[in-house]
$ cat start.cif   # mmCIF, C-alpha atoms
data_upload
loop_
_atom_site.label_atom_id
_atom_site.label_comp_id
_atom_site.auth_asym_id
_atom_site.auth_seq_id
_atom_site.Cartn_x
_atom_site.Cartn_y
_atom_site.Cartn_z
CA MET E 1051 6.71 -23.31 -7.04
CA GLN E 1052 5.75 -25.64 -4.21
CA SER E 1053 4.78 -29.13 -5.28
CA ASN E 1054 2.91 -29.77 -2.03
CA PRO E 1055 2.24 -26.47 -0.21
CA LYS E 1056 0.49 -27.98 2.82
CA HIS E 1057 3.30 -30.40 3.68
CA GLN E 1058 6.01 -27.82 3.06
CA TRP E 1059 4.13 -25.33 5.23
CA LEU E 1060 4.19 -27.75 8.17
CA ARG E 1061 7.95 -28.25 7.84
CA VAL E 1062 8.59 -24.51 7.53
CA ALA E 1063 6.27 -23.72 10.45
CA THR E 1064 8.27 -26.07 12.69
CA ARG E 1065 11.49 -24.29 11.75
CA TRP E 1066 9.83 -20.92 12.43
CA ALA E 1067 8.75 -22.06 15.88
CA VAL E 1068 12.28 -23.17 16.82
CA ALA E 1069 13.80 -20.03 15.34
CA GLY E 1070 11.28 -17.87 17.18
CA LEU E 1071 12.19 -19.50 20.51
CA LEU E 1072 15.90 -18.90 19.91
CA VAL E 1073 15.32 -15.26 18.95
CA THR E 1074 13.12 -14.67 22.01
CA THR E 1075 15.70 -16.22 24.34
CA LEU E 1076 18.56 -14.23 22.83
CA GLY E 1077 16.50 -11.05 23.02
CA THR E 1078 15.90 -11.59 26.74
CA LEU E 1079 19.61 -12.08 27.42
CA LEU E 1080 20.54 -8.90 25.56
CA ALA E 1081 17.70 -6.68 26.80
CA ASP E 1082 19.56 -5.39 29.86
CA GLU E 1083 22.53 -4.35 27.75
CA ARG E 1084 20.54 -2.05 25.50
CA SER E 1085 20.76 1.59 26.45
CA LEU E 1086 17.94 2.86 24.26
CA THR E 1087 14.28 2.00 24.51
CA ALA E 1088 12.26 1.34 21.40
CA ALA E 1089 10.50 4.66 21.81
CA GLU E 1090 13.87 6.45 21.83
CA THR E 1091 14.68 5.02 18.42
CA LEU E 1092 11.69 6.77 16.87
CA CYS E 1093 12.01 10.06 15.08
CA ALA E 1094 12.72 13.04 17.27
CA GLU E 1095 11.25 15.45 14.77
CA SER E 1096 8.75 15.37 11.98
CA GLY E 1097 9.81 13.86 8.69
CA GLY E 1098 8.40 11.90 5.84
CA VAL E 1099 9.44 8.62 4.36
CA ALA E 1100 12.66 8.16 2.41
CA LYS E 1101 13.00 10.22 -0.76
CA ALA E 1102 12.16 8.90 -4.20
CA GLY E 1103 14.88 6.71 -5.64
CA ARG E 1104 16.00 5.57 -2.19
CA GLY E 1105 13.75 2.63 -1.57
CA TRP E 1106 10.05 1.87 -1.34
CA PRO E 1107 9.35 2.81 2.29
CA GLN E 1108 5.56 2.79 2.33
CA PHE E 1109 2.42 1.79 0.45
CA LEU E 1110 2.77 2.72 -3.25
CA GLY E 1111 6.34 3.90 -2.86
CA PRO E 1112 8.22 7.06 -1.84
CA ASP E 1113 5.49 9.49 -2.92
CA ARG E 1114 2.51 7.14 -2.42
CA ASN E 1115 1.65 7.28 -6.12
CA GLY E 1116 3.03 3.97 -7.39
CA THR E 1117 6.02 5.53 -9.15
CA SER E 1118 9.78 5.55 -8.63
CA THR E 1119 12.54 7.73 -10.06
CA GLU E 1120 14.88 4.75 -10.39
CA THR E 1121 16.54 4.35 -13.76
CA GLY E 1122 18.81 1.78 -15.36
CA LEU E 1123 16.12 -0.89 -15.37
CA LEU E 1124 15.68 -3.60 -17.98
CA THR E 1125 14.89 -2.47 -21.51
CA SER E 1126 14.13 -5.88 -22.99
CA TRP E 1127 12.94 -9.20 -21.65
CA PRO E 1128 15.75 -11.62 -20.64
CA GLU E 1129 15.63 -15.06 -22.24
CA ASN E 1130 14.42 -16.71 -19.03
CA GLY E 1131 12.85 -13.64 -17.51
CA PRO E 1132 14.34 -11.53 -14.70
CA ALA E 1133 16.76 -13.51 -12.52
CA GLU E 1134 15.41 -14.68 -9.19
CA VAL E 1135 17.62 -13.38 -6.37
CA TRP E 1136 15.92 -15.13 -3.47
CA ARG E 1137 12.65 -16.77 -2.41
CA VAL E 1138 11.61 -17.33 1.22
CA PRO E 1139 8.48 -18.46 3.11
CA GLY E 1140 6.15 -15.61 4.09
CA GLY E 1141 2.61 -15.93 5.37
CA VAL E 1142 -1.03 -15.18 4.72
CA GLY E 1143 -2.21 -11.63 4.03
CA MET E 1144 -2.58 -8.80 1.51
CA SER E 1145 -0.02 -6.51 3.11
CA GLY E 1146 2.40 -4.92 0.68
CA LEU E 1147 6.17 -4.64 1.04
CA ALA E 1148 8.07 -1.66 2.44
CA VAL E 1149 11.79 -1.49 1.63
CA HIS E 1150 14.32 0.95 3.08
CA ASP E 1151 17.93 0.98 4.23
CA GLY E 1152 18.53 -2.63 3.15
CA LYS E 1153 15.51 -3.97 5.02
CA LEU E 1154 12.14 -5.24 3.83
CA VAL E 1155 9.11 -5.19 6.15
CA THR E 1156 5.67 -6.68 5.60
CA LEU E 1157 2.78 -8.09 7.64
CA VAL E 1158 1.91 -11.79 7.58
CA GLN E 1159 -0.41 -14.14 9.40
CA ARG E 1160 1.02 -17.45 10.60
CA GLN E 1161 0.94 -19.60 13.72
CA GLY E 1162 -2.37 -18.02 14.77
CA LYS E 1163 -1.04 -14.46 14.93
CA GLN E 1164 -0.41 -11.36 12.82
CA TRP E 1165 3.30 -10.55 12.62
CA ALA E 1166 5.47 -7.72 11.39
CA VAL E 1167 8.37 -9.45 9.64
CA CYS E 1168 11.67 -7.86 8.64
CA LEU E 1169 13.99 -9.41 6.06
CA ASP E 1170 17.41 -8.51 4.73
CA ALA E 1171 16.42 -7.02 1.37
CA ARG E 1172 19.50 -8.43 -0.38
CA SER E 1173 19.43 -12.00 0.92
CA GLY E 1174 15.89 -12.62 2.19
CA LYS E 1175 17.25 -13.63 5.61
CA GLU E 1176 14.73 -13.00 8.39
CA LEU E 1177 16.10 -10.38 10.78
CA TRP E 1178 13.19 -10.26 13.20
CA ALA E 1179 9.49 -11.02 13.59
CA SER E 1180 7.25 -9.22 16.08
CA GLU E 1181 3.73 -10.19 17.08
CA ILE E 1182 1.21 -7.43 16.37
CA ALA E 1183 -2.16 -9.09 17.01
CA THR E 1184 -3.98 -12.39 17.11
CA THR E 1185 -5.19 -14.04 13.91
CA TYR E 1186 -7.60 -12.09 11.71
CA ARG E 1187 -10.15 -13.95 9.59
CA ASN E 1188 -12.48 -12.56 6.93
CA GLN E 1189 -14.63 -13.98 4.15
CA MET E 1190 -12.69 -11.88 1.62
CA GLY E 1191 -9.34 -13.25 2.73
CA ASP E 1192 -7.55 -13.79 6.01
CA GLY E 1193 -4.65 -11.87 7.50
CA PRO E 1194 -3.52 -8.22 7.56
CA ARG E 1195 -4.27 -5.91 4.63
CA SER E 1196 -2.24 -2.81 5.42
CA THR E 1197 1.30 -2.06 4.21
CA PRO E 1198 3.88 -0.89 6.81
CA ALA E 1199 5.42 2.58 6.68
CA ILE E 1200 9.11 3.07 7.50
CA SER E 1201 10.25 6.46 8.76
CA ASN E 1202 13.30 7.63 10.72
CA GLY E 1203 14.25 4.28 12.21
CA ALA E 1204 10.70 3.19 12.98
CA VAL E 1205 8.08 0.94 11.39
CA TYR E 1206 4.36 1.69 11.69
CA VAL E 1207 1.83 -1.09 11.11
CA PHE E 1208 -1.97 -1.45 11.16
CA SER E 1209 -3.58 -4.84 11.78
CA GLY E 1210 -6.69 -6.35 10.20
CA GLU E 1211 -8.86 -5.39 13.17
CA GLY E 1212 -7.43 -1.87 13.63
CA ILE E 1213 -4.44 -2.11 15.97
CA LEU E 1214 -1.84 0.56 15.16
CA ALA E 1215 1.69 -0.10 16.42
CA ALA E 1216 5.19 1.38 16.21
CA LEU E 1217 8.31 -0.80 16.18
CA SER E 1218 12.03 -0.12 15.89
CA LEU E 1219 13.33 -0.94 12.43
CA ALA E 1220 16.62 -2.23 13.83
CA GLU E 1221 15.24 -5.00 16.00
CA GLY E 1222 11.44 -5.00 15.90
CA ARG E 1223 10.79 -4.00 19.50
CA VAL E 1224 7.29 -2.58 20.00
CA ALA E 1225 7.40 1.01 21.23
CA TRP E 1226 3.63 1.43 21.52
CA ARG E 1227 0.45 -0.25 20.40
CA VAL E 1228 -3.16 1.00 20.41
CA ASN E 1229 -6.41 -0.49 19.15
CA LEU E 1230 -7.82 2.63 17.52
CA VAL E 1231 -11.12 1.05 16.48
CA GLU E 1232 -11.87 0.10 20.10
CA LYS E 1233 -10.52 3.33 21.56
CA LEU E 1234 -12.63 5.49 19.26
CA GLU E 1235 -15.67 3.19 19.66
CA GLY E 1236 -15.80 2.36 15.97
CA ARG E 1237 -16.27 -0.97 14.23
CA VAL E 1238 -14.06 -3.02 11.99
CA ALA E 1239 -14.86 -2.50 8.29
CA ASP E 1240 -16.74 -5.42 6.72
CA TYR E 1241 -13.68 -6.59 4.80
CA GLY E 1242 -11.09 -5.62 7.40
CA MET E 1243 -9.09 -2.49 8.13
CA ALA E 1244 -7.06 -1.90 4.98
CA CYS E 1245 -5.67 1.61 5.40
CA SER E 1246 -1.87 1.86 5.20
CA PRO E 1247 -0.33 4.33 7.70
CA LEU E 1248 0.92 7.67 6.40
CA ILE E 1249 3.62 9.61 8.27
CA VAL E 1250 3.13 13.39 8.19
CA ASP E 1251 4.82 15.99 10.41
CA GLY E 1252 5.68 13.51 13.16
CA LYS E 1253 2.19 12.01 13.13
CA VAL E 1254 0.82 8.67 11.94
CA VAL E 1255 -2.43 9.06 10.01
CA VAL E 1256 -4.97 6.28 9.38
CA THR E 1257 -8.63 6.06 8.42
CA VAL E 1258 -10.80 4.34 11.06
CA GLY E 1259 -14.40 5.34 10.26
CA ALA E 1260 -15.57 5.83 13.85
CA ASP E 1261 -18.70 7.93 14.40
CA GLY E 1262 -16.73 10.95 15.58
CA ALA E 1263 -13.45 10.20 13.86
CA THR E 1264 -13.30 9.26 10.20
CA VAL E 1265 -9.54 9.90 10.30
CA VAL E 1266 -7.14 9.95 13.23
CA ALA E 1267 -3.59 11.22 13.63
CA VAL E 1268 -1.44 9.97 16.49
CA ASP E 1269 1.93 11.13 17.75
CA ALA E 1270 4.59 8.96 16.09
CA ARG E 1271 6.64 8.76 19.31
CA THR E 1272 3.91 7.97 21.81
CA GLY E 1273 0.80 6.73 20.02
CA GLU E 1274 -1.28 9.42 21.73
CA ILE E 1275 -4.05 10.93 19.62
CA SER E 1276 -3.10 14.33 18.15
CA TRP E 1277 -6.32 15.05 16.27
CA THR E 1278 -9.38 13.44 14.72
CA SER E 1279 -11.42 14.64 11.76
CA GLY E 1280 -14.69 13.78 10.06
CA SER E 1281 -17.78 12.10 11.42
CA ASP E 1282 -20.44 9.66 10.27
CA HIS E 1283 -18.36 8.37 7.37
CA PRO E 1284 -17.47 4.67 7.01
CA ALA E 1285 -13.76 3.92 6.77
CA GLY E 1286 -13.78 2.36 3.34
CA TYR E 1287 -10.54 0.65 2.29
CA SER E 1288 -8.37 3.40 0.82
CA SER E 1289 -5.23 4.99 2.28
CA PRO E 1290 -4.71 8.73 2.83
CA ALA E 1291 -2.23 10.64 0.69
CA LEU E 1292 -0.33 13.89 1.14
CA LEU E 1293 -0.93 15.79 -2.10
CA GLN E 1294 0.11 19.15 -3.51
CA VAL E 1295 -3.20 20.26 -5.06
CA GLY E 1296 -5.14 23.49 -5.28
CA GLY E 1297 -1.96 25.45 -4.66
CA ARG E 1298 -1.17 23.90 -1.26
CA GLU E 1299 -0.19 20.70 0.47
CA GLN E 1300 -3.12 18.83 1.94
CA LEU E 1301 -4.06 15.46 3.33
CA VAL E 1302 -6.58 13.80 1.00
CA VAL E 1303 -8.71 10.97 2.39
CA PHE E 1304 -10.93 8.73 0.25
CA HIS E 1305 -13.30 7.27 2.85
CA GLY E 1306 -16.26 4.93 2.46
CA ASP E 1307 -18.75 7.41 1.00
CA GLY E 1308 -16.66 10.29 -0.28
CA VAL E 1309 -13.40 12.19 -0.23
CA PHE E 1310 -12.17 15.23 1.68
CA GLY E 1311 -9.08 17.36 2.03
CA LEU E 1312 -7.62 18.20 5.43
CA ASP E 1313 -5.02 20.51 6.90
CA PRO E 1314 -2.16 18.09 7.73
CA LYS E 1315 -1.25 19.90 10.94
CA SER E 1316 -4.68 20.25 12.53
CA GLY E 1317 -7.00 17.91 10.64
CA ALA E 1318 -9.31 20.85 9.82
CA GLU E 1319 -11.52 20.12 6.82
CA LEU E 1320 -10.72 22.13 3.71
CA TRP E 1321 -13.26 20.61 1.29
CA ASN E 1322 -15.37 17.50 0.77
CA HIS E 1323 -17.07 15.64 -2.05
CA SER E 1324 -19.59 12.80 -1.89
CA TYR E 1325 -18.68 9.58 -3.76
CA VAL E 1326 -20.94 6.71 -2.74
CA THR E 1327 -20.19 3.15 -3.84
CA ASP E 1328 -21.75 -0.21 -3.01
CA PHE E 1329 -20.44 -1.72 0.22
CA ASN E 1330 -18.30 1.40 0.90
CA CYS E 1331 -15.76 0.00 -1.57
CA ASN E 1332 -13.68 3.11 -2.15
CA ILE E 1333 -10.28 1.42 -2.18
CA ALA E 1334 -7.84 3.10 -4.60
CA THR E 1335 -5.59 5.84 -3.20
CA PRO E 1336 -6.36 9.40 -4.40
CA LEU E 1337 -3.82 10.84 -6.84
CA ALA E 1338 -2.69 14.35 -7.67
CA VAL E 1339 -3.36 14.78 -11.41
CA ASP E 1340 -3.02 18.10 -13.25
CA ASP E 1341 -3.37 20.01 -9.94
CA GLY E 1342 -6.61 18.14 -9.21
CA VAL E 1343 -7.57 15.04 -7.26
CA LEU E 1344 -8.32 11.80 -9.09
CA ILE E 1345 -10.61 9.28 -7.39
CA SER E 1346 -11.69 5.96 -8.84
CA ALA E 1347 -13.75 2.97 -7.72
CA GLY E 1348 -15.07 -0.29 -9.07
CA GLU E 1349 -18.48 -1.76 -8.19
CA ASN E 1350 -19.99 -0.34 -11.42
CA HIS E 1351 -18.64 3.10 -10.57
CA GLY E 1352 -15.86 4.93 -12.42
CA SER E 1353 -13.45 7.85 -12.08
CA THR E 1354 -13.65 11.59 -11.44
CA LEU E 1355 -11.05 14.36 -11.57
CA LEU E 1356 -11.85 17.04 -9.00
CA GLY E 1357 -10.70 20.63 -9.40
CA LEU E 1358 -10.10 22.78 -6.32
CA THR E 1359 -10.52 26.56 -6.23
CA PRO E 1360 -9.42 28.48 -3.09
CA LYS E 1361 -12.22 30.22 -1.22
CA GLY E 1362 -10.85 31.85 1.89
CA PRO E 1363 -9.19 29.16 4.04
CA LYS E 1364 -11.15 26.44 2.22
CA PHE E 1365 -11.86 25.30 -1.33
CA ASP E 1366 -14.73 25.00 -3.75
CA VAL E 1367 -14.86 21.65 -5.55
CA VAL E 1368 -15.86 21.05 -9.16
CA GLU E 1369 -15.83 17.90 -11.28
CA ARG E 1370 -13.44 18.71 -14.12
CA TRP E 1371 -14.40 15.44 -15.78
CA THR E 1372 -16.24 12.34 -14.71
CA SER E 1373 -16.58 8.91 -16.31
CA GLN E 1374 -19.11 6.73 -14.53
CA GLY E 1375 -21.13 3.56 -14.99
CA ALA E 1376 -21.05 0.84 -17.62
CA LYS E 1377 -19.26 3.01 -20.19
CA SER E 1378 -16.63 4.39 -17.81
CA THR E 1379 -13.08 4.45 -19.15
CA LEU E 1380 -11.50 3.61 -15.77
CA ARG E 1381 -12.92 1.73 -12.77
CA ASN E 1382 -10.20 0.88 -10.24
CA GLU E 1383 -11.54 -2.03 -8.21
CA TRP E 1384 -8.80 -2.03 -5.57
CA GLN E 1385 -5.77 -1.02 -7.61
CA THR E 1386 -4.42 2.52 -7.74
CA SER E 1387 -3.56 3.83 -11.22
CA VAL E 1388 -0.24 5.52 -12.05
CA ALA E 1389 0.24 8.85 -13.79
CA VAL E 1390 3.35 8.77 -16.01
CA ALA E 1391 4.33 9.79 -19.55
CA GLY E 1392 1.42 12.24 -19.68
CA ALA E 1393 -1.14 9.47 -19.25
CA LEU E 1394 -2.99 7.44 -16.64
CA PHE E 1395 -2.44 3.67 -16.68
CA GLY E 1396 -4.72 1.46 -14.60
CA PHE E 1397 -7.11 -1.44 -14.25
CA ASP E 1398 -10.69 -1.09 -15.44
CA ASN E 1399 -12.98 -3.59 -13.73
CA VAL E 1400 -16.25 -4.46 -15.47
CA GLY E 1401 -19.41 -4.96 -13.42
CA SER E 1402 -19.86 -5.31 -9.68
CA ALA E 1403 -16.44 -6.72 -8.74
CA GLY E 1404 -16.84 -8.94 -11.78
CA PRO E 1405 -14.22 -11.29 -13.18
CA VAL E 1406 -13.49 -9.20 -16.31
CA THR E 1407 -10.81 -6.53 -15.99
CA HIS E 1408 -9.16 -4.57 -18.80
CA LEU E 1409 -5.88 -2.67 -18.67
CA ALA E 1410 -6.49 0.89 -19.75
CA CYS E 1411 -4.61 4.04 -20.65
CA ILE E 1412 -6.54 7.32 -20.48
CA ASP E 1413 -5.91 11.01 -20.97
CA PRO E 1414 -5.66 12.53 -17.45
CA LYS E 1415 -6.93 15.91 -18.64
CA THR E 1416 -10.15 14.61 -20.20
CA GLY E 1417 -10.74 11.04 -19.03
CA GLU E 1418 -10.87 9.87 -22.64
CA ARG E 1419 -9.46 6.44 -23.47
CA LYS E 1420 -6.17 6.24 -25.35
CA TRP E 1421 -6.00 2.43 -25.51
CA GLN E 1422 -7.40 -0.62 -23.80
CA GLN E 1423 -6.06 -4.17 -23.51
CA LEU E 1424 -9.21 -6.24 -23.23
CA ARG E 1425 -9.46 -8.94 -20.55
CA PHE E 1426 -5.93 -8.35 -19.32
CA GLY E 1427 -7.00 -9.59 -15.88
CA LYS E 1428 -6.84 -8.28 -12.34
CA GLY E 1429 -3.58 -7.20 -10.77
CA ASN E 1430 -1.54 -4.30 -9.40
CA LEU E 1431 1.03 -2.13 -11.14
CA ILE E 1432 3.80 0.35 -10.41
CA ALA E 1433 5.89 2.51 -12.76
CA ALA E 1434 9.60 3.26 -13.11
CA ASP E 1435 12.05 4.13 -15.86
CA GLY E 1436 9.42 4.20 -18.59
CA LYS E 1437 8.06 0.77 -17.68
CA LEU E 1438 5.04 -0.65 -15.90
CA PHE E 1439 5.73 -3.56 -13.56
CA VAL E 1440 2.56 -5.58 -13.06
CA LEU E 1441 1.85 -8.45 -10.67
CA THR E 1442 -1.33 -10.16 -11.84
CA MET E 1443 -3.76 -11.75 -9.45
CA GLN E 1444 -2.62 -15.12 -10.83
CA GLY E 1445 0.98 -14.47 -9.76
CA GLU E 1446 2.49 -13.47 -13.11
CA LEU E 1447 5.04 -10.67 -13.39
CA VAL E 1448 4.33 -8.69 -16.56
CA VAL E 1449 6.56 -5.84 -17.73
CA LEU E 1450 5.14 -3.28 -20.18
CA LYS E 1451 6.35 -0.08 -21.76
CA ALA E 1452 4.60 2.95 -20.27
CA ASP E 1453 3.54 3.97 -23.76
CA PRO E 1454 0.44 6.21 -24.06
CA ARG E 1455 0.09 5.33 -27.75
CA ASN E 1456 -0.40 1.56 -27.53
CA PHE E 1457 -0.02 -1.58 -25.43
CA VAL E 1458 3.56 -2.90 -25.57
CA GLU E 1459 4.43 -5.98 -23.53
CA LEU E 1460 8.10 -6.79 -22.96
CA GLY E 1461 7.46 -10.16 -21.34
CA ARG E 1462 5.85 -12.12 -18.54
CA LYS E 1463 6.78 -14.88 -16.11
CA SER E 1464 4.82 -16.87 -13.53
CA LEU E 1465 6.42 -16.36 -10.11
CA LEU E 1466 3.78 -16.82 -7.44
CA GLU E 1467 0.34 -18.16 -6.65
CA LYS E 1468 -2.71 -15.90 -6.20
CA SER E 1469 -1.77 -12.39 -5.05
CA ARG E 1470 -3.48 -9.04 -4.50
CA THR E 1471 -0.43 -7.00 -3.54
CA ALA E 1472 1.53 -4.48 -5.61
CA PRO E 1473 5.23 -4.94 -6.37
CA ALA E 1474 7.86 -2.91 -4.52
CA LEU E 1475 11.03 -1.60 -6.18
CA ALA E 1476 14.34 -0.67 -4.56
CA ASP E 1477 17.87 -0.50 -6.00
CA GLY E 1478 16.97 -2.41 -9.13
CA LEU E 1479 15.33 -5.25 -7.24
CA LEU E 1480 11.61 -6.00 -7.50
CA TYR E 1481 9.85 -7.56 -4.52
CA LEU E 1482 6.63 -9.60 -4.75
CA ARG E 1483 4.56 -11.78 -2.42
CA ASP E 1484 1.53 -14.04 -2.09
CA ASP E 1485 0.05 -16.01 0.81
CA HIS E 1486 3.02 -18.39 0.93
CA GLU E 1487 6.23 -16.77 -0.25
CA ILE E 1488 8.15 -13.53 -0.74
CA VAL E 1489 10.26 -13.31 -3.90
CA CYS E 1490 12.97 -10.92 -5.08
CA VAL E 1491 13.92 -10.60 -8.76
CA ASP E 1492 16.60 -8.50 -10.45
CA VAL E 1493 15.16 -6.00 -12.94
CA LYS E 1494 18.33 -4.00 -13.59
CA HIS E 1495 19.41 -3.46 -17.18
CA ARG E 1496 22.18 -5.81 -18.34
CA GLU E 1497 24.45 -5.09 -21.30
#

$ encode --input "start.cif" --output "structure tokens"
Amino acid sequence: MQSNPKHQWLRVATRWAVAGLLVTTLGTLLADERSLTAAETLCAESGGVAKAGRGWPQFLGPDRNGTSTETGLLTSWPENGPAEVWRVPGGVGMSGLAVHDGKLVTLVQRQGKQWAVCLDARSGKELWASEIATTYRNQMGDGPRSTPAISNGAVYVFSGEGILAALSLAEGRVAWRVNLVEKLEGRVADYGMACSPLIVDGKVVVTVGADGATVVAVDARTGEISWTSGSDHPAGYSSPALLQVGGREQLVVFHGDGVFGLDPKSGAELWNHSYVTDFNCNIATPLAVDDGVLISAGENHGSTLLGLTPKGPKFDVVERWTSQGAKSTLRNEWQTSVAVAGALFGFDNVGSAGPVTHLACIDPKTGERKWQQLRFGKGNLIAADGKLFVLTMQGELVVLKADPRNFVELGRKSLLEKSRTAPALADGLLYLRDDHEIVCVDVKHRE
């Protein structure tokens, strides 16, 4: 860890400034020799992110549910914890890490601007950094909140104030950029725009919460608006998900005062359900659970599993189970739970964004608690190969067995300072970050 973060930051910032000047100069010299524009590097046809087991190309991984199909990961805790592969300076922000095709992309705030930064995933070497917006400040934490999405040679990013941009993955050139909050005459959410872009059928989907556009889809090649949907709903802080529920694929959006399902192609509303929380703090991403939709929120709220029954082109919605209030079994404050091993594992926050958070395992069919680790603390988790990889808010990596019978900890190690981002996993390497550094550790099984 840094013995004197402020002084080290000044030295690193100077090196960044010099490096940035060199990169800019070199880019200018080479620009005329490039035959393709940034827009031409974007996907020609629709397509999702990389398949499961081939990286972590968007928020919450390949299927946006916090799980990976990777295997061959550690089965016991190494004597000194997982080996550190590399550690590099990063920047301020809550943006997660997207990893694909040997590259890692995240958003940081430094030198008075918000940047998309691309690193070599194996070495940590910075490959490029592109300015997205000016600095973003907020009482709940400065810098960008959204996690980039990588798809078909392009990177899509969303800034703290609502600027959506597309860049080439190869070199970071900006193909297009649009301030959707301004364009749709909305307003920035109280705690910043936190939605992570979702790529569906050649469109980039984000939640903006404008009066006539709760959700917007733009053409991935041009940035032009394809459709908008919803009205008079605040944005909230969740990210949309493409789920197979109710017998069909649909876009599920957990906005500031409820949740609805949309036709991915047109944005037409299929169903809706009210779910009001204090301060519009619906943050966790909706999950497909037992052919229903799981939503969860903190702020003294809870969790509900919604069942969907087709009714013509739309759906009727019923609450298959609900667990609300002080005795709720699961209250995701900002963290999305994971559904593995026939159970739901997640963080249960007590009170109105209070300091006490338990780690819980519940039955996804009933909402009943299987076990609870009291006062585990706040954090984020992902799942792979029968394990839960947790980054606590205090910067500790904790590895657990994904065991629905009881809490089994394999080990823990302090790696970072305060963090509110989830780990990312790709090719046996786990990536983590805080407001100062980005770290890669090896979690592959060793004989």

$ atom_distance --input "start.cif" --atom1 "CA of Asn1332 (chain E)" --atom2 "CA of Gly1306 (chain E)"
5.6 Å

$ atom_distance --input "start.cif" --atom1 "CA of His1486 (chain E)" --atom2 "CA of Leu1157 (chain E)"
12.3 Å

$ residues_around --input "start.cif" --residues "Thr1379 (chain E)" --least-positions-apart "5" --cutoff "12 Å" --atoms "only C-alpha atoms" --output "VMD selection string"
chain E and resid 1346 to 1348 1350 to 1354 1371 to 1374 1394 to 1400 1407 to 1414 1416 to 1423

$ residues_around --input "start.cif" --residues "Leu1124 (chain E)" --least-positions-apart "3" --cutoff "8 Å" --atoms "only C-alpha atoms" --output "list in words"
Trp1127, Val1493, Lys1494, His1495 and Arg1496 of chain E

$ closest_residue --input "start.cif" --among "E:Arg1370, E:Lys1163, E:Arg1455, E:Lys1175" --to "Ile1488 (chain E)" --atoms "all atoms listed in the file"
E:Lys1175

$ atom_distance --input "start.cif" --atom1 "CA of Glu1497 (chain E)" --atom2 "CA of Asp1453 (chain E)"
22.9 Å

$ residues_near_point --input "start.cif" --point "(3.6, -20.9, 5.0)" --cutoff "6 Å" --atoms "all atoms listed in the file" --output "list in words"
Trp1059, Pro1139, Gly1140, Gly1141 and His1486 of chain E

$ resolve_selection --input "start.cif" --expression "the PyMOL selection byres ((chain E and resi 1205) around 7)" --output "MDAnalysis selection string"
chainID E and resid 1198:1201 1204 1206:1207 1216:1219

$ residues_around --input "start.cif" --residues "Asn1330 (chain E)" --least-positions-apart "5" --cutoff "7 Å" --atoms "all atoms listed in the file" --output "ChimeraX atom specification"
/E:1284,1286,1306-1307

$ write_last_selection --input "start.cif" --atoms "C-alpha atoms" --output "PDB file, keeping the file's coordinate frame"
ATOM      1  CA  PRO E1284     -17.470   4.670   7.010  1.00  0.00           C
ATOM      2  CA  GLY E1286     -13.780   2.360   3.340  1.00  0.00           C
ATOM      3  CA  GLY E1306     -16.260   4.930   2.460  1.00  0.00           C
ATOM      4  CA  ASP E1307     -18.750   7.410   1.000  1.00  0.00           C
TER       5      ASP E1307
END

$ closest_residue --input "start.cif" --among "E:Val1302, E:Val1440, E:Leu1475, E:Val1149" --to "Gly1317 (chain E)" --atoms "all atoms listed in the file"
E:Val1302

$ closest_residue --input "start.cif" --among "E:His1283, E:Lys1415, E:Arg1172, E:Arg1114" --to "Leu1355 (chain E)" --atoms "only C-alpha atoms"
E:Lys1415

$ resolve_selection --input "start.cif" --expression "the PyMOL selection byres ((chain E and resi 1446) around 7)" --output "list of chain:residue names"
E:Leu1441, E:Thr1442, E:Gln1444, E:Gly1445, E:Leu1447, E:Val1448, E:Arg1462, E:Lys1463, E:Ser1464, E:Leu1465, E:Leu1466

$ resolve_selection --input "start.cif" --expression "the PyMOL selection byres ((chain E and resi 1267) around 12)" --output "NGL selection string"
:E and (1214 or 1230 or 1247-1258 or 1263-1266 or 1268-1280 or 1290 or 1301 or 1312-1318)

$ closest_residue --input "start.cif" --among "E:Glu1211, E:Glu1134, E:Glu1383, E:Asp1282" --to "Gln1164 (chain E)" --atoms "only C-alpha atoms"
E:Glu1211

$ closest_residue --input "start.cif" --among "E:Gly1174, E:Phe1365, E:His1305, E:Ala1338" --to "Leu1320 (chain E)" --atoms "all atoms listed in the file"
E:Phe1365

$ closest_atom_pairs --input "start.cif" --of "region 1220-1291 of chain E" --to "region 1181-1184 of chain E" --cutoff "10 Å" --atoms "all atoms listed in the file" --output "CSV"
residue,atom,partner,partner_atom,distance
E:Gly1222,CA,E:Glu1181,CA,9.4
E:Arg1223,CA,E:Glu1181,CA,9.7
E:Val1224,CA,E:Ile1182,CA,8.6
E:Arg1227,CA,E:Ile1182,CA,8.3
E:Asn1229,CA,E:Ala1183,CA,9.8
